[in-house]
file start-v6.txt (compact mmCIF, C-alpha atoms and all ligand atoms)
# COMPACT_ATOMS: atom_id res chain seq x y z
CA SER A 235 90.89 80.39 86.60
CA GLN A 236 87.49 80.90 88.22
CA GLN A 237 85.55 83.81 86.72
CA ARG A 238 84.36 85.14 90.09
CA LEU A 239 84.40 88.73 88.83
CA LYS A 240 82.64 88.12 85.54
CA ASP A 241 80.57 91.19 84.56
CA ARG A 242 82.21 93.36 87.26
CA ILE A 243 83.68 96.74 86.25
CA ALA A 244 86.84 97.82 88.09
CA LEU A 245 89.00 100.94 88.11
CA VAL A 246 92.55 100.55 89.46
CA THR A 247 94.57 103.70 90.19
CA GLY A 248 98.36 103.64 90.07
CA ALA A 249 98.22 100.73 87.64
CA SER A 250 101.39 101.56 85.69
CA SER A 251 103.60 99.57 88.10
CA GLY A 252 103.80 97.53 91.29
CA ILE A 253 100.70 96.59 93.26
CA GLY A 254 98.29 98.39 90.95
CA GLU A 255 99.58 96.68 87.82
CA ALA A 256 99.41 93.24 89.48
CA THR A 257 95.91 94.00 90.80
CA ALA A 258 94.60 95.03 87.38
CA LEU A 259 95.90 91.75 85.93
CA GLU A 260 94.51 89.62 88.77
CA LEU A 261 91.05 91.21 88.55
CA ALA A 262 91.14 90.63 84.78
CA ARG A 263 92.09 86.95 85.28
CA GLN A 264 89.02 86.59 87.49
CA GLY A 265 86.82 88.01 84.75
CA ALA A 266 86.49 91.73 85.52
CA LYS A 267 86.59 94.50 82.95
CA VAL A 268 89.34 96.88 84.04
CA ALA A 269 90.06 100.60 83.64
CA ILE A 270 93.61 101.63 84.53
CA VAL A 271 94.95 105.04 85.49
CA ALA A 272 98.35 106.61 86.17
CA ARG A 273 100.58 109.30 84.60
CA ARG A 274 102.92 107.09 82.49
CA ARG A 275 100.96 106.40 79.31
CA GLU A 276 103.47 103.95 77.78
CA ARG A 277 103.38 101.69 80.83
CA LEU A 278 99.60 101.74 80.79
CA GLU A 279 99.50 100.93 77.07
CA ALA A 280 101.77 97.90 77.64
CA LEU A 281 99.54 96.70 80.50
CA SER A 282 96.47 97.37 78.37
CA ARG A 283 97.72 94.91 75.74
CA GLN A 284 98.05 92.21 78.44
CA LEU A 285 94.58 93.00 79.79
CA GLU A 286 93.19 92.86 76.27
CA SER A 287 94.49 89.31 75.85
CA LEU A 288 92.70 88.36 79.08
CA GLY A 289 89.42 89.68 77.68
CA ALA A 290 89.27 92.58 80.16
CA GLU A 291 88.28 95.20 77.55
CA PRO A 292 90.67 97.71 79.19
CA LEU A 293 90.23 101.47 79.31
CA VAL A 294 93.44 103.52 79.60
CA LEU A 295 93.14 106.81 81.49
CA VAL A 296 96.14 109.12 81.88
CA ALA A 297 95.76 111.46 84.84
CA ASP A 298 97.58 113.12 87.70
CA LEU A 299 95.45 112.04 90.66
CA SER A 300 96.99 114.57 93.03
CA ASP A 301 94.58 116.97 91.28
CA GLU A 302 91.16 116.24 92.76
CA HIS A 303 89.39 117.25 89.55
CA GLN A 304 91.35 114.64 87.57
CA ALA A 305 90.68 112.08 90.32
CA GLN A 306 86.95 112.69 89.95
CA ARG A 307 87.15 112.75 86.16
CA VAL A 308 88.67 109.27 85.81
CA VAL A 309 85.71 107.82 87.73
CA LYS A 310 83.22 109.65 85.53
CA ASP A 311 85.10 108.55 82.38
CA THR A 312 84.99 104.91 83.56
CA GLU A 313 81.24 105.13 84.24
CA ALA A 314 80.65 106.76 80.86
CA HIS A 315 82.65 104.07 79.06
CA TYR A 316 81.25 100.91 80.71
CA GLY A 317 77.93 102.26 82.00
CA ARG A 318 78.89 101.88 85.68
CA LEU A 319 81.71 101.27 88.18
CA ASP A 320 81.52 98.35 90.64
CA ILE A 321 85.00 98.16 92.15
CA LEU A 322 87.27 101.16 92.80
CA VAL A 323 90.82 100.29 93.89
CA ASN A 324 92.47 103.45 95.24
CA ASN A 325 96.07 102.29 95.05
CA ALA A 326 98.06 105.24 93.60
CA GLY A 327 100.49 106.60 96.14
CA VAL A 328 103.96 107.93 96.78
CA MET A 329 106.24 107.49 99.80
CA TYR A 330 108.50 110.42 100.58
CA LEU A 331 110.42 109.49 103.72
CA GLU A 332 112.57 112.08 105.47
CA PRO A 333 113.00 113.48 108.97
CA VAL A 334 110.54 116.19 110.01
CA ALA A 335 113.28 118.74 110.62
CA GLU A 336 114.54 118.47 107.03
CA ALA A 337 111.26 117.70 105.29
CA ASP A 338 110.53 119.43 101.98
CA LEU A 339 106.98 120.57 102.67
CA GLY A 340 106.25 121.04 98.96
CA ARG A 341 107.01 117.34 98.52
CA TRP A 342 104.91 116.42 101.55
CA ARG A 343 102.05 118.53 100.19
CA ARG A 344 102.14 116.59 96.89
CA MET A 345 102.16 113.32 98.88
CA LEU A 346 99.14 114.43 100.94
CA GLU A 347 97.34 115.56 97.79
CA LEU A 348 97.81 112.20 96.07
CA ASN A 349 97.64 109.71 98.96
CA VAL A 350 94.73 111.40 100.76
CA LEU A 351 92.92 114.09 98.76
CA GLY A 352 93.03 112.24 95.42
CA LEU A 353 91.77 109.06 97.09
CA ILE A 354 88.94 110.98 98.73
CA ALA A 355 88.02 112.71 95.46
CA SER A 356 87.81 109.50 93.40
CA THR A 357 85.80 107.87 96.20
CA GLN A 358 83.41 110.81 96.31
CA ALA A 359 82.91 110.64 92.55
CA ALA A 360 82.11 106.92 92.72
CA LEU A 361 79.49 107.15 95.47
CA ALA A 362 76.54 108.53 93.52
CA GLY A 363 76.51 105.68 91.00
CA MET A 364 77.18 103.00 93.62
CA ARG A 365 74.40 104.36 95.84
CA ALA A 366 71.90 104.51 93.00
CA ARG A 367 72.59 100.85 92.16
CA ARG A 368 73.03 99.78 95.82
CA ASP A 369 76.21 97.97 94.80
CA GLY A 370 79.88 98.86 95.01
CA HIS A 371 83.22 98.07 96.61
CA ILE A 372 85.92 100.59 97.44
CA VAL A 373 89.40 99.26 98.25
CA ASN A 374 91.87 101.74 99.73
CA VAL A 375 95.56 100.85 99.84
CA SER A 376 97.09 102.11 103.09
CA SER A 377 100.16 100.48 104.66
CA VAL A 378 101.61 98.99 107.83
CA ALA A 379 102.74 102.64 108.09
CA GLY A 380 99.03 103.47 108.42
CA ARG A 381 98.97 101.52 111.69
CA PHE A 382 102.49 102.02 113.09
CA ALA A 383 104.63 105.14 112.64
CA ASN A 384 108.42 105.14 112.30
CA PRO A 385 111.03 107.91 112.49
CA ASN A 386 111.45 109.55 109.04
CA GLY A 387 107.96 108.38 108.15
CA GLY A 388 105.94 111.15 109.77
CA GLY A 389 104.57 112.62 106.56
CA TYR A 390 103.92 109.26 104.91
CA SER A 391 102.28 107.84 108.04
CA ALA A 392 100.12 110.97 108.33
CA THR A 393 98.75 110.11 104.87
CA LYS A 394 98.37 106.38 105.50
CA PHE A 395 96.82 106.72 109.00
CA GLY A 396 94.56 109.22 107.21
CA VAL A 397 93.53 106.58 104.68
CA VAL A 398 92.67 104.13 107.49
CA ALA A 399 90.58 106.74 109.34
CA PHE A 400 88.84 107.88 106.16
CA SER A 401 88.03 104.29 105.21
CA GLU A 402 86.40 103.54 108.57
CA ALA A 403 84.30 106.72 108.52
CA LEU A 404 83.32 106.00 104.90
CA ARG A 405 82.33 102.41 105.68
CA ARG A 406 79.97 103.59 108.40
CA GLU A 407 78.43 106.16 106.04
CA VAL A 408 77.78 103.78 103.14
CA TYR A 409 77.24 100.26 104.50
CA LYS A 410 73.47 100.79 104.47
CA ASP A 411 73.71 101.45 100.73
CA ASN A 412 75.24 97.98 100.25
CA ILE A 413 78.64 99.53 99.48
CA ARG A 414 81.66 97.71 100.90
CA VAL A 415 84.90 99.37 102.02
CA THR A 416 88.19 97.52 102.49
CA VAL A 417 91.51 98.96 103.60
CA ILE A 418 94.70 97.02 102.77
CA GLU A 419 97.81 97.54 104.91
CA PRO A 420 100.86 95.82 103.39
CA GLY A 421 104.38 95.71 104.82
CA MET A 422 107.44 95.74 102.57
CA VAL A 423 106.52 95.01 98.95
CA ALA A 424 109.25 94.83 96.28
CA THR A 425 108.21 97.71 93.97
CA GLU A 426 109.52 101.01 92.59
CA LEU A 427 107.95 102.93 95.51
CA ARG A 428 111.09 103.50 97.55
CA GLU A 429 113.19 104.54 94.52
CA HIS A 430 111.49 107.94 94.75
CA ILE A 431 112.78 108.75 98.25
CA ALA A 432 114.82 111.93 97.72
CA HIS A 433 116.49 111.93 101.16
CA ALA A 434 119.51 109.70 100.44
CA PRO A 435 120.25 108.52 104.02
CA THR A 436 116.65 107.44 104.46
CA ARG A 437 116.59 105.68 101.08
CA GLU A 438 119.72 103.75 102.09
CA MET A 439 118.18 102.91 105.46
CA VAL A 440 115.06 101.50 103.79
CA GLU A 441 117.16 99.52 101.31
CA GLY A 442 119.06 98.13 104.31
CA TRP A 443 115.82 96.88 105.92
CA THR A 444 115.11 94.71 102.90
CA THR A 445 118.56 93.12 102.63
CA GLY A 446 118.10 89.38 103.03
CA MET A 447 114.34 89.80 103.47
CA ARG A 448 111.86 87.78 101.45
CA GLN A 449 109.67 90.76 100.61
CA LEU A 450 106.03 90.59 99.60
CA GLN A 451 105.58 90.63 95.84
CA SER A 452 102.94 92.80 94.16
CA GLN A 453 101.11 89.61 93.19
CA ASP A 454 100.74 88.65 96.89
CA VAL A 455 98.84 91.89 97.55
CA ALA A 456 96.89 91.67 94.28
CA GLU A 457 95.58 88.22 95.26
CA VAL A 458 94.35 89.58 98.61
CA ILE A 459 92.57 92.49 96.91
CA ALA A 460 90.98 90.11 94.39
CA PHE A 461 89.90 87.82 97.26
CA CYS A 462 88.26 90.71 99.17
CA VAL A 463 86.28 91.96 96.15
CA SER A 464 85.13 88.49 95.11
CA ARG A 465 83.38 87.57 98.40
CA PRO A 466 79.59 87.13 98.43
CA ALA A 467 77.66 90.43 98.76
CA HIS A 468 77.02 89.96 102.50
CA VAL A 469 80.74 89.67 103.36
CA ASN A 470 82.65 92.91 103.94
CA ILE A 471 86.35 92.45 104.75
CA ASN A 472 87.09 95.78 106.39
CA GLU A 473 90.84 95.63 106.93
CA VAL A 474 93.78 93.45 105.94
CA LEU A 475 97.16 93.92 107.66
CA MET A 476 99.83 91.78 105.96
CA ARG A 477 103.61 91.60 106.25
CA PRO A 478 106.43 89.56 104.80
CA THR A 479 107.12 86.70 107.20
CA ASP A 480 110.63 88.14 107.64
CA GLN A 481 109.40 91.62 108.70
CA GLU A 482 109.30 92.43 112.43
P1 LIG A 501 104.84 101.98 92.65
O1 LIG A 501 105.71 103.18 92.74
O2 LIG A 501 105.26 100.83 91.83
O3 LIG A 501 103.37 102.39 92.19
C1 LIG A 501 102.80 103.65 92.44
C2 LIG A 501 101.73 103.91 91.40
O4 LIG A 501 101.12 105.18 91.67
C3 LIG A 501 102.31 103.98 90.00
O5 LIG A 501 101.43 103.36 89.10
C4 LIG A 501 102.36 105.47 89.74
O6 LIG A 501 102.21 105.71 88.35
C5 LIG A 501 101.13 105.95 90.49
N1 LIG A 501 101.21 107.38 90.78
C6 LIG A 501 102.19 108.04 91.45
N2 LIG A 501 101.94 109.35 91.46
C7 LIG A 501 100.78 109.53 90.77
C8 LIG A 501 100.00 110.66 90.43
N3 LIG A 501 100.36 111.91 90.81
N4 LIG A 501 98.88 110.49 89.70
C9 LIG A 501 98.52 109.24 89.30
N5 LIG A 501 99.19 108.13 89.62
C10 LIG A 501 100.31 108.28 90.34
O7 LIG A 501 104.64 101.52 94.16
P2 LIG A 501 103.66 100.46 94.89
O8 LIG A 501 103.03 99.56 93.94
O9 LIG A 501 104.45 99.91 96.00
O10 LIG A 501 102.58 101.46 95.53
C11 LIG A 501 101.19 101.29 95.41
C12 LIG A 501 100.53 101.64 96.74
O11 LIG A 501 100.92 100.70 97.71
C13 LIG A 501 100.90 103.02 97.28
O12 LIG A 501 99.73 103.65 97.78
C14 LIG A 501 101.85 102.68 98.41
O13 LIG A 501 101.87 103.68 99.40
C15 LIG A 501 101.27 101.39 98.89
N6 LIG A 501 102.16 100.54 99.69
C16 LIG A 501 103.35 100.07 99.19
C17 LIG A 501 104.19 99.32 99.97
C18 LIG A 501 105.54 98.86 99.49
O14 LIG A 501 106.35 98.40 100.31
N7 LIG A 501 105.85 98.93 98.21
C19 LIG A 501 103.82 98.95 101.34
C20 LIG A 501 102.55 99.45 101.76
C21 LIG A 501 101.77 100.21 100.96
P3 LIG A 501 102.84 106.97 87.51
O15 LIG A 501 104.17 107.26 88.09
O16 LIG A 501 102.85 106.42 86.11
O17 LIG A 501 101.82 108.06 87.69

call {"tool": "encode", "arguments": {"input": "start-v6.txt", "output": "structure tokens"}}
result
Amino acid sequence: SQQRLKDRIALVTGASSGIGEATALELARQGAKVAIVARRRERLEALSRQLESLGAEPLVLVADLSDEHQAQRVVKDTEAHYGRLDILVNNAGVMYLEPVAEADLGRWRRMLELNVLGLIASTQAALAGMRARRDGHIVNVSSVAGRFANPNGGGYSATKFGVVAFSEALRREVYKDNIRVTVIEPGMVATELREHIAHAPTREMVEGWTTGMRQLQSQDVAEVIAFCVSRPAHVNINEVLMRPTDQE
């Protein structure tokens, strides 16, 4: 494969499964060195062995990114290990779908803390180094639910619309420092994400949507992320909205 990302240093959050895992591997195939972060150490260690065989010199970081201090720390640890950070992929996220009237606000708070506050904190931590070097790319994973809201998705869409808004404000603050910002908005991707929906009727409804659907695969999203971060320095792909062909 073409080594378009040779000598680039990337950090991928939520890399223990799904889109993050596929993205870490795809960036490695294109030549990047890759740090990976999530809570499940064993999954990260298994991925690390694959990254190793691709020459990605992986760094495993175990952290709960809903804690803003840990979200900042993983960026600092990556910079300390490799000497800098070029590409930050803020992918870690959870999707707790349930109607507003029955919503568990403790659960929604944890979702807001991870999907929004953690993403902001890791971004903030990365800015100083990127500014000093006048080079950096921040990729934030939002969702189709960050553009269009559905019943039972009020809390999740509040986080994902938040990621879209944050990304646009951020882009306008940092473009003069030669820092690029890309927001990715996928539709249905076949991952573990929806297994964590606690509200059973909603989980069944979501499973019903995917029956007979050719869903996006994590690799489909990973290839788009790798494409965005491997463009020439003057090209800034701000937003990518992508759905399975079978999704309305
Ligand atoms: P997965 O559940 O497979 O991946 C989620 C990742 O986030 C895992 O690596 C998980 O690791 C990590 N994570 C969860 N909680 C925390 C935490 N507190 N601290 C650190 N890491 C955490 O789902 P996806 O790959 O689908 O999700 C990735 C992103 O894509 C999310 O932001 C999601 O909202 C978004 N997305 C997904 C879509 C889909 O249809 N699947 C559609 C649109 C967007 P661990 O549990 O080990 O911590």

call {"tool": "residues_near_ligand", "arguments": {"input": "start-v6.txt", "ligand": "ligand LIG 501 (chain A)", "cutoff": "8 Å", "atoms": "all atoms listed in the file", "output": "PyMOL selection string"}}
result
chain A and resi 247-255+271-275+277-278+296-301+324-329+344+348-349+375-379+394+418-430+450+452

call {"tool": "write_last_selection", "arguments": {"input": "start-v6.txt", "atoms": "C-alpha atoms", "output": "PDB file, keeping the file's coordinate frame"}}
result
ATOM      1  CA  THR A 247      94.570 103.700  90.190  1.00  0.00           C
ATOM      2  CA  GLY A 248      98.360 103.640  90.070  1.00  0.00           C
ATOM      3  CA  ALA A 249      98.220 100.730  87.640  1.00  0.00           C
ATOM      4  CA  SER A 250     101.390 101.560  85.690  1.00  0.00           C
ATOM      5  CA  SER A 251     103.600  99.570  88.100  1.00  0.00           C
ATOM      6  CA  GLY A 252     103.800  97.530  91.290  1.00  0.00           C
ATOM      7  CA  ILE A 253     100.700  96.590  93.260  1.00  0.00           C
ATOM      8  CA  GLY A 254      98.290  98.390  90.950  1.00  0.00           C
ATOM      9  CA  GLU A 255      99.580  96.680  87.820  1.00  0.00           C
ATOM     10  CA  VAL A 271      94.950 105.040  85.490  1.00  0.00           C
ATOM     11  CA  ALA A 272      98.350 106.610  86.170  1.00  0.00           C
ATOM     12  CA  ARG A 273     100.580 109.300  84.600  1.00  0.00           C
ATOM     13  CA  ARG A 274     102.920 107.090  82.490  1.00  0.00           C
ATOM     14  CA  ARG A 275     100.960 106.400  79.310  1.00  0.00           C
ATOM     15  CA  ARG A 277     103.380 101.690  80.830  1.00  0.00           C
ATOM     16  CA  LEU A 278      99.600 101.740  80.790  1.00  0.00           C
ATOM     17  CA  VAL A 296      96.140 109.120  81.880  1.00  0.00           C
ATOM     18  CA  ALA A 297      95.760 111.460  84.840  1.00  0.00           C
ATOM     19  CA  ASP A 298      97.580 113.120  87.700  1.00  0.00           C
ATOM     20  CA  LEU A 299      95.450 112.040  90.660  1.00  0.00           C
ATOM     21  CA  SER A 300      96.990 114.570  93.030  1.00  0.00           C
ATOM     22  CA  ASP A 301      94.580 116.970  91.280  1.00  0.00           C
ATOM     23  CA  ASN A 324      92.470 103.450  95.240  1.00  0.00           C
ATOM     24  CA  ASN A 325      96.070 102.290  95.050  1.00  0.00           C
ATOM     25  CA  ALA A 326      98.060 105.240  93.600  1.00  0.00           C
ATOM     26  CA  GLY A 327     100.490 106.600  96.140  1.00  0.00           C
ATOM     27  CA  VAL A 328     103.960 107.930  96.780  1.00  0.00           C
ATOM     28  CA  MET A 329     106.240 107.490  99.800  1.00  0.00           C
ATOM     29  CA  ARG A 344     102.140 116.590  96.890  1.00  0.00           C
ATOM     30  CA  LEU A 348      97.810 112.200  96.070  1.00  0.00           C
ATOM     31  CA  ASN A 349      97.640 109.710  98.960  1.00  0.00           C
ATOM     32  CA  VAL A 375      95.560 100.850  99.840  1.00  0.00           C
ATOM     33  CA  SER A 376      97.090 102.110 103.090  1.00  0.00           C
ATOM     34  CA  SER A 377     100.160 100.480 104.660  1.00  0.00           C
ATOM     35  CA  VAL A 378     101.610  98.990 107.830  1.00  0.00           C
ATOM     36  CA  ALA A 379     102.740 102.640 108.090  1.00  0.00           C
ATOM     37  CA  LYS A 394      98.370 106.380 105.500  1.00  0.00           C
ATOM     38  CA  ILE A 418      94.700  97.020 102.770  1.00  0.00           C
ATOM     39  CA  GLU A 419      97.810  97.540 104.910  1.00  0.00           C
ATOM     40  CA  PRO A 420     100.860  95.820 103.390  1.00  0.00           C
ATOM     41  CA  GLY A 421     104.380  95.710 104.820  1.00  0.00           C
ATOM     42  CA  MET A 422     107.440  95.740 102.570  1.00  0.00           C
ATOM     43  CA  VAL A 423     106.520  95.010  98.950  1.00  0.00           C
ATOM     44  CA  ALA A 424     109.250  94.830  96.280  1.00  0.00           C
ATOM     45  CA  THR A 425     108.210  97.710  93.970  1.00  0.00           C
ATOM     46  CA  GLU A 426     109.520 101.010  92.590  1.00  0.00           C
ATOM     47  CA  LEU A 427     107.950 102.930  95.510  1.00  0.00           C
ATOM     48  CA  ARG A 428     111.090 103.500  97.550  1.00  0.00           C
ATOM     49  CA  GLU A 429     113.190 104.540  94.520  1.00  0.00           C
ATOM     50  CA  HIS A 430     111.490 107.940  94.750  1.00  0.00           C
ATOM     51  CA  LEU A 450     106.030  90.590  99.600  1.00  0.00           C
ATOM     52  CA  SER A 452     102.940  92.800  94.160  1.00  0.00           C
TER      53      SER A 452
END

call {"tool": "residues_around", "arguments": {"input": "start-v6.txt", "residues": "region 258-270 of chain A", "least_positions_apart": "5", "cutoff": "6 Å", "atoms": "only C-alpha atoms", "output": "MDAnalysis selection string"}}
result
chainID A and resid 236:240 242:246 249 290:294 460

call {"tool": "closest_residue", "arguments": {"input": "start-v6.txt", "among": "A:Leu295, A:Ile459, A:Val440, A:Met364", "to": "Thr312 (chain A)", "atoms": "all atoms listed in the file"}}
result
A:Leu295

call {"tool": "closest_atom_pairs", "arguments": {"input": "start-v6.txt", "of": "region 288-360 of chain A", "to": "region 366-373 of chain A", "cutoff": "10 Å", "atoms": "only C-alpha atoms", "output": "JSON lines"}}
result
{"residue": "A:Arg318", "atom": "CA", "partner": "A:Arg367", "partner_atom": "CA", "distance": 9.1}
{"residue": "A:Leu319", "atom": "CA", "partner": "A:Gly370", "partner_atom": "CA", "distance": 7.5}
{"residue": "A:Asp320", "atom": "CA", "partner": "A:Gly370", "partner_atom": "CA", "distance": 4.7}
{"residue": "A:Ile321", "atom": "CA", "partner": "A:His371", "partner_atom": "CA", "distance": 4.8}
{"residue": "A:Leu322", "atom": "CA", "partner": "A:Ile372", "partner_atom": "CA", "distance": 4.9}
{"residue": "A:Val323", "atom": "CA", "partner": "A:Val373", "partner_atom": "CA", "distance": 4.7}
{"residue": "A:Asn324", "atom": "CA", "partner": "A:Val373", "partner_atom": "CA", "distance": 6.0}
{"residue": "A:Asn325", "atom": "CA", "partner": "A:Val373", "partner_atom": "CA", "distance": 8.0}
{"residue": "A:Ser356", "atom": "CA", "partner": "A:Ile372", "partner_atom": "CA", "distance": 10.0}
{"residue": "A:Thr357", "atom": "CA", "partner": "A:Ile372", "partner_atom": "CA", "distance": 7.4}
{"residue": "A:Ala360", "atom": "CA", "partner": "A:Gly370", "partner_atom": "CA", "distance": 8.7}

call {"tool": "residues_around", "arguments": {"input": "start-v6.txt", "residues": "Leu404 (chain A)", "least_positions_apart": "6", "cutoff": "10 Å", "atoms": "only C-alpha atoms", "output": "VMD selection string"}}
result
chain A and resid 354 357 to 358 372 398 413 to 415

call {"tool": "write_last_selection", "arguments": {"input": "start-v6.txt", "atoms": "C-alpha atoms", "output": "compact mmCIF listing (two decimals), keeping the file's coordinate frame"}}
result
# COMPACT_ATOMS: atom_id res chain seq x y z
CA ILE A 354 88.94 110.98 98.73
CA THR A 357 85.80 107.87 96.20
CA GLN A 358 83.41 110.81 96.31
CA ILE A 372 85.92 100.59 97.44
CA VAL A 398 92.67 104.13 107.49
CA ILE A 413 78.64 99.53 99.48
CA ARG A 414 81.66 97.71 100.90
CA VAL A 415 84.90 99.37 102.02

call {"tool": "atom_distance", "arguments": {"input": "start-v6.txt", "atom1": "CA of Leu475 (chain A)", "atom2": "CA of Val417 (chain A)"}}
result
8.6 Å

call {"tool": "build_atoms", "arguments": {"input": "start-v6.txt", "residues": "region 352-365 of chain A", "atoms": "N, CA and C atoms", "output": "JSON list (two decimals), keeping the file's coordinate frame"}}
result
[["chain", "number", "residue", "atom", "x", "y", "z"],
["A", 352, "GLY", "N", 93.39, 112.90, 96.68],
["A", 352, "GLY", "CA", 93.03, 112.24, 95.42],
["A", 352, "GLY", "C", 92.16, 111.02, 95.68],
["A", 353, "LEU", "N", 92.53, 110.26, 96.71],
["A", 353, "LEU", "CA", 91.77, 109.06, 97.09],
["A", 353, "LEU", "C", 90.36, 109.44, 97.54],
["A", 354, "ILE", "N", 90.26, 110.51, 98.29],
["A", 354, "ILE", "CA", 88.94, 110.98, 98.73],
["A", 354, "ILE", "C", 88.11, 111.44, 97.53],
["A", 355, "ALA", "N", 88.75, 112.15, 96.60],
["A", 355, "ALA", "CA", 88.02, 112.71, 95.46],
["A", 355, "ALA", "C", 87.48, 111.60, 94.54],
["A", 356, "SER", "N", 88.29, 110.58, 94.27],
["A", 356, "SER", "CA", 87.81, 109.50, 93.40],
["A", 356, "SER", "C", 86.70, 108.72, 94.10],
["A", 357, "THR", "N", 86.84, 108.53, 95.42],
["A", 357, "THR", "CA", 85.80, 107.87, 96.20],
["A", 357, "THR", "C", 84.49, 108.66, 96.12],
["A", 358, "GLN", "N", 84.60, 109.95, 96.34],
["A", 358, "GLN", "CA", 83.41, 110.81, 96.31],
["A", 358, "GLN", "C", 82.70, 110.70, 94.97],
["A", 359, "ALA", "N", 83.50, 110.70, 93.89],
["A", 359, "ALA", "CA", 82.91, 110.64, 92.55],
["A", 359, "ALA", "C", 82.20, 109.32, 92.30],
["A", 360, "ALA", "N", 82.68, 108.25, 92.96],
["A", 360, "ALA", "CA", 82.11, 106.92, 92.72],
["A", 360, "ALA", "C", 80.81, 106.68, 93.51],
["A", 361, "LEU", "N", 80.59, 107.46, 94.55],
["A", 361, "LEU", "CA", 79.49, 107.15, 95.47],
["A", 361, "LEU", "C", 78.11, 107.27, 94.85],
["A", 362, "ALA", "N", 77.89, 108.30, 94.05],
["A", 362, "ALA", "CA", 76.54, 108.53, 93.52],
["A", 362, "ALA", "C", 76.06, 107.32, 92.73],
["A", 363, "GLY", "N", 76.90, 106.83, 91.82],
["A", 363, "GLY", "CA", 76.51, 105.68, 91.00],
["A", 363, "GLY", "C", 76.35, 104.42, 91.83],
["A", 364, "MET", "N", 77.26, 104.20, 92.77],
["A", 364, "MET", "CA", 77.18, 103.00, 93.62],
["A", 364, "MET", "C", 75.92, 103.03, 94.49],
["A", 365, "ARG", "N", 75.60, 104.21, 95.01],
["A", 365, "ARG", "CA", 74.40, 104.36, 95.84],
["A", 365, "ARG", "C", 73.14, 104.09, 95.04]]
